[in-house]
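Text of input_0.cif (mmCIF, C-alpha atoms) as supplied:
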data_entry
loop_
_atom_site.group_PDB
_atom_site.id
_atom_site.type_symbol
_atom_site.label_atom_id
_atom_site.label_comp_id
_atom_site.auth_asym_id
_atom_site.auth_seq_id
_atom_site.Cartn_x
_atom_site.Cartn_y
_atom_site.Cartn_z
ATOM 1 C CA MET A 1 84.237 60.833 83.194
ATOM 2 C CA PRO A 2 84.473 58.539 86.207
ATOM 3 C CA LYS A 3 81.090 57.313 87.401
ATOM 4 C CA ASN A 4 81.957 56.806 91.094
ATOM 5 C CA ILE A 5 82.487 60.451 92.052
ATOM 6 C CA PRO A 6 80.269 61.367 95.012
ATOM 7 C CA GLY A 7 78.313 64.576 95.061
ATOM 8 C CA PRO A 8 75.236 66.136 93.510
ATOM 9 C CA ARG A 9 74.635 65.561 89.814
ATOM 10 C CA LEU A 10 73.591 68.146 87.287
ATOM 11 C CA ASN A 11 71.912 66.781 84.194
ATOM 12 C CA LEU A 12 72.404 69.180 81.308
ATOM 13 C CA LEU A 13 70.569 67.119 78.687
ATOM 14 C CA SER A 14 67.324 66.346 80.544
ATOM 15 C CA ALA A 15 65.482 69.353 79.092
ATOM 16 C CA THR A 16 66.327 68.375 75.506
ATOM 17 C CA GLY A 17 64.456 65.073 75.625
ATOM 18 C CA THR A 18 67.396 62.856 74.643
ATOM 19 C CA SER A 19 67.616 59.177 75.487
ATOM 20 C CA SER A 20 68.909 57.880 78.812
ATOM 21 C CA SER A 21 72.163 56.571 77.287
ATOM 22 C CA SER A 22 73.108 60.031 76.060
ATOM 23 C CA GLN A 23 71.982 61.586 79.336
ATOM 24 C CA ALA A 24 74.685 59.716 81.221
ATOM 25 C CA ALA A 25 77.299 61.371 79.015
ATOM 26 C CA GLY A 26 75.907 64.845 79.814
ATOM 27 C CA THR A 27 75.813 64.422 83.600
ATOM 28 C CA LEU A 28 78.273 66.594 85.519
ATOM 29 C CA PHE A 29 79.470 65.821 89.016
ATOM 30 C CA PHE A 30 80.404 68.432 91.590
ATOM 31 C CA SER A 31 82.657 67.505 94.456
ATOM 32 C CA PRO A 32 82.643 69.273 97.827
ATOM 33 C CA LEU A 33 85.994 70.770 96.790
ATOM 34 C CA ASP A 34 84.179 72.868 94.171
ATOM 35 C CA ARG A 35 82.365 74.669 96.980
ATOM 36 C CA ILE A 36 85.385 74.987 99.279
ATOM 37 C CA LEU A 37 87.845 76.523 96.789
ATOM 38 C CA PRO A 38 85.911 79.764 96.132
ATOM 39 C CA MET A 39 85.363 80.217 99.865
ATOM 40 C CA SER A 40 89.052 79.656 100.624
ATOM 41 C CA ARG A 41 89.996 82.237 97.973
ATOM 42 C CA PHE A 42 87.593 84.686 99.577
ATOM 43 C CA ILE A 43 89.066 84.028 103.030
ATOM 44 C CA ALA A 44 92.621 84.394 101.654
ATOM 45 C CA GLY A 45 91.624 87.717 100.085
ATOM 46 C CA MET A 46 90.109 88.892 103.361
ATOM 47 C CA PHE A 47 93.298 87.906 105.203
ATOM 48 C CA CYS A 48 95.522 89.764 102.717
ATOM 49 C CA GLY A 49 93.299 92.843 102.904
ATOM 50 C CA ALA A 50 93.359 92.816 106.712
ATOM 51 C CA LEU A 51 97.149 92.453 106.691
ATOM 52 C CA LEU A 52 97.560 95.390 104.279
ATOM 53 C CA LEU A 53 95.189 97.512 106.359
ATOM 54 C CA PHE A 54 97.152 96.672 109.506
ATOM 55 C CA LEU A 55 100.421 97.684 107.825
ATOM 56 C CA ALA A 56 98.886 100.900 106.460
ATOM 57 C CA MET A 57 97.541 101.891 109.861
ATOM 58 C CA HIS A 58 100.678 101.108 111.887
ATOM 59 C CA TYR A 59 103.593 101.933 109.547
ATOM 60 C CA HIS A 60 104.775 104.663 107.186
ATOM 61 C CA VAL A 61 106.321 103.285 104.001
ATOM 62 C CA VAL A 62 109.108 105.768 103.319
ATOM 63 C CA ARG A 63 111.177 105.815 100.152
ATOM 64 C CA GLY A 64 114.481 107.529 100.734
ATOM 65 C CA ASN A 65 117.869 107.577 99.084
ATOM 66 C CA ASN A 66 118.757 104.273 100.787
ATOM 67 C CA GLY A 67 115.638 102.440 99.590
ATOM 68 C CA VAL A 68 112.238 101.693 101.088
ATOM 69 C CA VAL A 69 111.946 101.719 104.889
ATOM 70 C CA LEU A 70 109.056 100.913 107.259
ATOM 71 C CA VAL A 71 108.734 103.501 110.032
ATOM 72 C CA PRO A 72 106.302 102.826 112.919
ATOM 73 C CA LYS A 73 103.562 105.469 113.153
ATOM 74 C CA ILE A 74 103.002 107.505 116.304
ATOM 75 C CA SER A 75 99.207 107.477 115.925
ATOM 76 C CA ASN A 76 97.249 104.766 114.136
ATOM 77 C CA ASN A 77 95.577 106.323 111.104
ATOM 78 C CA LEU A 78 95.698 106.111 107.323
ATOM 79 C CA GLY A 79 97.639 109.350 106.837
ATOM 80 C CA ASP A 80 101.048 109.344 105.103
ATOM 81 C CA VAL A 81 100.956 105.661 104.249
ATOM 82 C CA TYR A 82 103.536 106.026 101.454
ATOM 83 C CA THR A 83 105.848 109.007 101.131
ATOM 84 C CA ASP A 84 108.758 109.543 98.777
ATOM 85 C CA ILE A 85 111.187 111.808 100.659
ATOM 86 C CA ARG A 86 114.053 111.821 98.168
ATOM 87 C CA ALA A 87 113.298 115.382 97.027
ATOM 88 C CA PHE A 88 111.869 116.761 100.294
ATOM 89 C CA GLU A 89 112.673 120.318 101.309
ATOM 90 C CA LEU A 90 112.077 121.960 104.697
ATOM 91 C CA ASP A 91 108.620 123.122 103.582
ATOM 92 C CA ASP A 92 107.704 119.524 102.779
ATOM 93 C CA TRP A 93 108.749 118.426 106.257
ATOM 94 C CA LYS A 94 106.520 121.143 107.730
ATOM 95 C CA ARG A 95 103.547 119.587 105.907
ATOM 96 C CA HIS A 96 104.473 116.077 107.112
ATOM 97 C CA LYS A 97 105.188 116.755 110.800
ATOM 98 C CA THR A 98 103.856 113.393 112.002
ATOM 99 C CA LEU A 99 106.124 111.574 109.560
ATOM 100 C CA ALA A 100 109.145 113.596 110.701
ATOM 101 C CA ALA A 101 108.336 112.872 114.348
ATOM 102 C CA ALA A 102 107.922 109.166 113.625
ATOM 103 C CA ILE A 103 111.259 109.053 111.807
ATOM 104 C CA MET A 104 113.019 110.801 114.689
ATOM 105 C CA ARG A 105 111.353 108.518 117.259
ATOM 106 C CA SER A 106 112.372 105.393 115.343
ATOM 107 C CA SER A 107 116.034 106.520 115.386
ATOM 108 C CA GLN A 108 116.220 106.637 111.598
ATOM 109 C CA SER A 109 117.062 110.327 111.487
ATOM 110 C CA ASP A 110 119.517 109.726 108.651
ATOM 111 C CA LEU A 111 116.438 109.813 106.371
ATOM 112 C CA ILE A 112 115.831 113.468 107.300
ATOM 113 C CA GLN A 113 119.430 114.673 107.385
ATOM 114 C CA GLY A 114 120.010 114.423 103.646
ATOM 115 C CA SER A 115 117.070 116.608 102.743
ATOM 116 C CA ALA A 116 117.777 119.077 105.555
ATOM 117 C CA GLN A 117 121.392 119.526 104.419
ATOM 118 C CA ARG A 118 120.310 119.901 100.797
ATOM 119 C CA SER A 119 117.655 122.466 101.728
ATOM 120 C CA PHE A 120 120.052 124.378 103.980
ATOM 121 C CA GLY A 121 122.674 124.464 101.225
ATOM 122 C CA GLN A 122 120.111 125.729 98.743
ATOM 123 C CA SER A 123 118.917 128.478 101.106
ATOM 124 C CA VAL A 124 122.533 129.576 101.725
ATOM 125 C CA ARG A 125 123.161 129.681 97.954
ATOM 126 C CA GLU A 126 120.011 131.756 97.441
ATOM 127 C CA ALA A 127 121.066 134.140 100.218
ATOM 128 C CA VAL A 128 124.564 134.538 98.746
ATOM 129 C CA ASP A 129 123.168 135.002 95.233
ATOM 130 C CA GLY A 130 120.731 137.584 96.573
ATOM 131 C CA PHE A 131 123.497 139.386 98.432
ATOM 132 C CA LEU A 132 125.849 139.389 95.449
ATOM 133 C CA GLY A 133 123.073 140.256 93.011
ATOM 134 C CA GLU A 134 121.968 143.268 95.095
ATOM 135 C CA GLY A 135 125.526 144.594 95.551
ATOM 136 C CA SER A 136 126.378 144.672 91.815
#

This structure in structure tokens:
Amino acid sequence: MPKNIPGPRLNLLSATGTSSSSQAAGTLFFSPLDRILPMSRFIAGMFCGALLLFLAMHYHVVRGNNGVVLVPKISNNLGDVYTDIRAFELDDWKRHKTLAAAIMRSSQSDLIQGSAQRSFGQSVREAVDGFLGEGS
């Protein structure tokens, strides 16, 4: 180990009663960098957490048929942070009214149209099947 490193020394062998020549080999040096690195990791973690909280409070992360899209929220809260709308029906949209309003406001209504058409087609098929099933 280099002997000219500044910083506090920690003598690991002093309690064992060894000679001074072997004590020099057991001396550890700590640089100021050893104290800064854990603090910088903590600050980086705080920054990442604050950034994720900001994104969660201000945007919906919506997974649709075209991929993942960020939709600005109408009100800042932690509701509907991530929603997979690929299999949404009209009843699902009724439960997620704020998400539907945010999608319409952000002019990304193509996310809603696919599920609305699919749900409408399914309800028409059920009505026709019910009509034909009752008439037989």

Segment 101-106 of chain A: which residues within 9 Å, counting only C-alpha atoms, same-chain residues fewer than 5 positions away excluded, as a PyMOL selection string? chain A and resi 60+71-74+96+111-112

Any chance you can output those residues with C-alpha atoms as a PDB file, in the frame of the given file?
ATOM      1  CA  HIS A  60     104.775 104.663 107.186  1.00  0.00           C
ATOM      2  CA  VAL A  71     108.734 103.501 110.032  1.00  0.00           C
ATOM      3  CA  PRO A  72     106.302 102.826 112.919  1.00  0.00           C
ATOM      4  CA  LYS A  73     103.562 105.469 113.153  1.00  0.00           C
ATOM      5  CA  ILE A  74     103.002 107.505 116.304  1.00  0.00           C
ATOM      6  CA  HIS A  96     104.473 116.077 107.112  1.00  0.00           C
ATOM      7  CA  LEU A 111     116.438 109.813 106.371  1.00  0.00           C
ATOM      8  CA  ILE A 112     115.831 113.468 107.300  1.00  0.00           C
TER       9      ILE A 112
END

From A:Val62, A:Ala127, A:Leu78, A:Leu53, residue lying nearest Ala100 of chain A [all atoms listed in the file]: A:Val62

Around segment 60-66 of chain A, fit a box with edges along x, y and z, padding it by 6 Å on each side, then list its centre and edge lengths in Å to one decimal as AutoDock Vina command-line options.
--center_x 111.8 --center_y 105.4 --center_z 103.1 --size_x 26.0 --size_y 16.3 --size_z 20.1

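Of note, atom CA of Leu99 of chain A and atom CA of Asp80 of chain A are spaced 7.1 Å apart.
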
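Across the model, the gap from atom CA of Gly64 of chain A to atom CA of Arg86 of chain A is 5.0 Å.
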
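Each of A:Leu132, A:Gly45, A:Asp110, A:Met39 was checked against Asn66 of chain A using only C-alpha atoms; the smallest atom-to-atom distance is that of A:Asp110.
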
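Here atom CA of Gln108 of chain A is placed at a distance of 29.1 Å from atom CA of Glu126 of chain A.
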
Find the residue from A:Gln113, A:Thr98, A:Thr83, A:Asn77 that sits nearest to Arg63 of chain A; use all atoms listed in the file when measuring. A:Thr83

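Comparing A:Ala44, A:Ile36, A:Val81, A:Ala87 by their smallest distance to Val61 of chain A, the closest is A:Val81 (using all atoms listed in the file).
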
Give the answer as one residue: which of A:Leu70, A:Asp91, A:Ile85, A:Asn76 has the shortest atom-to-atom distance to Met57 of chain A, using all atoms listed in the file? A:Asn76
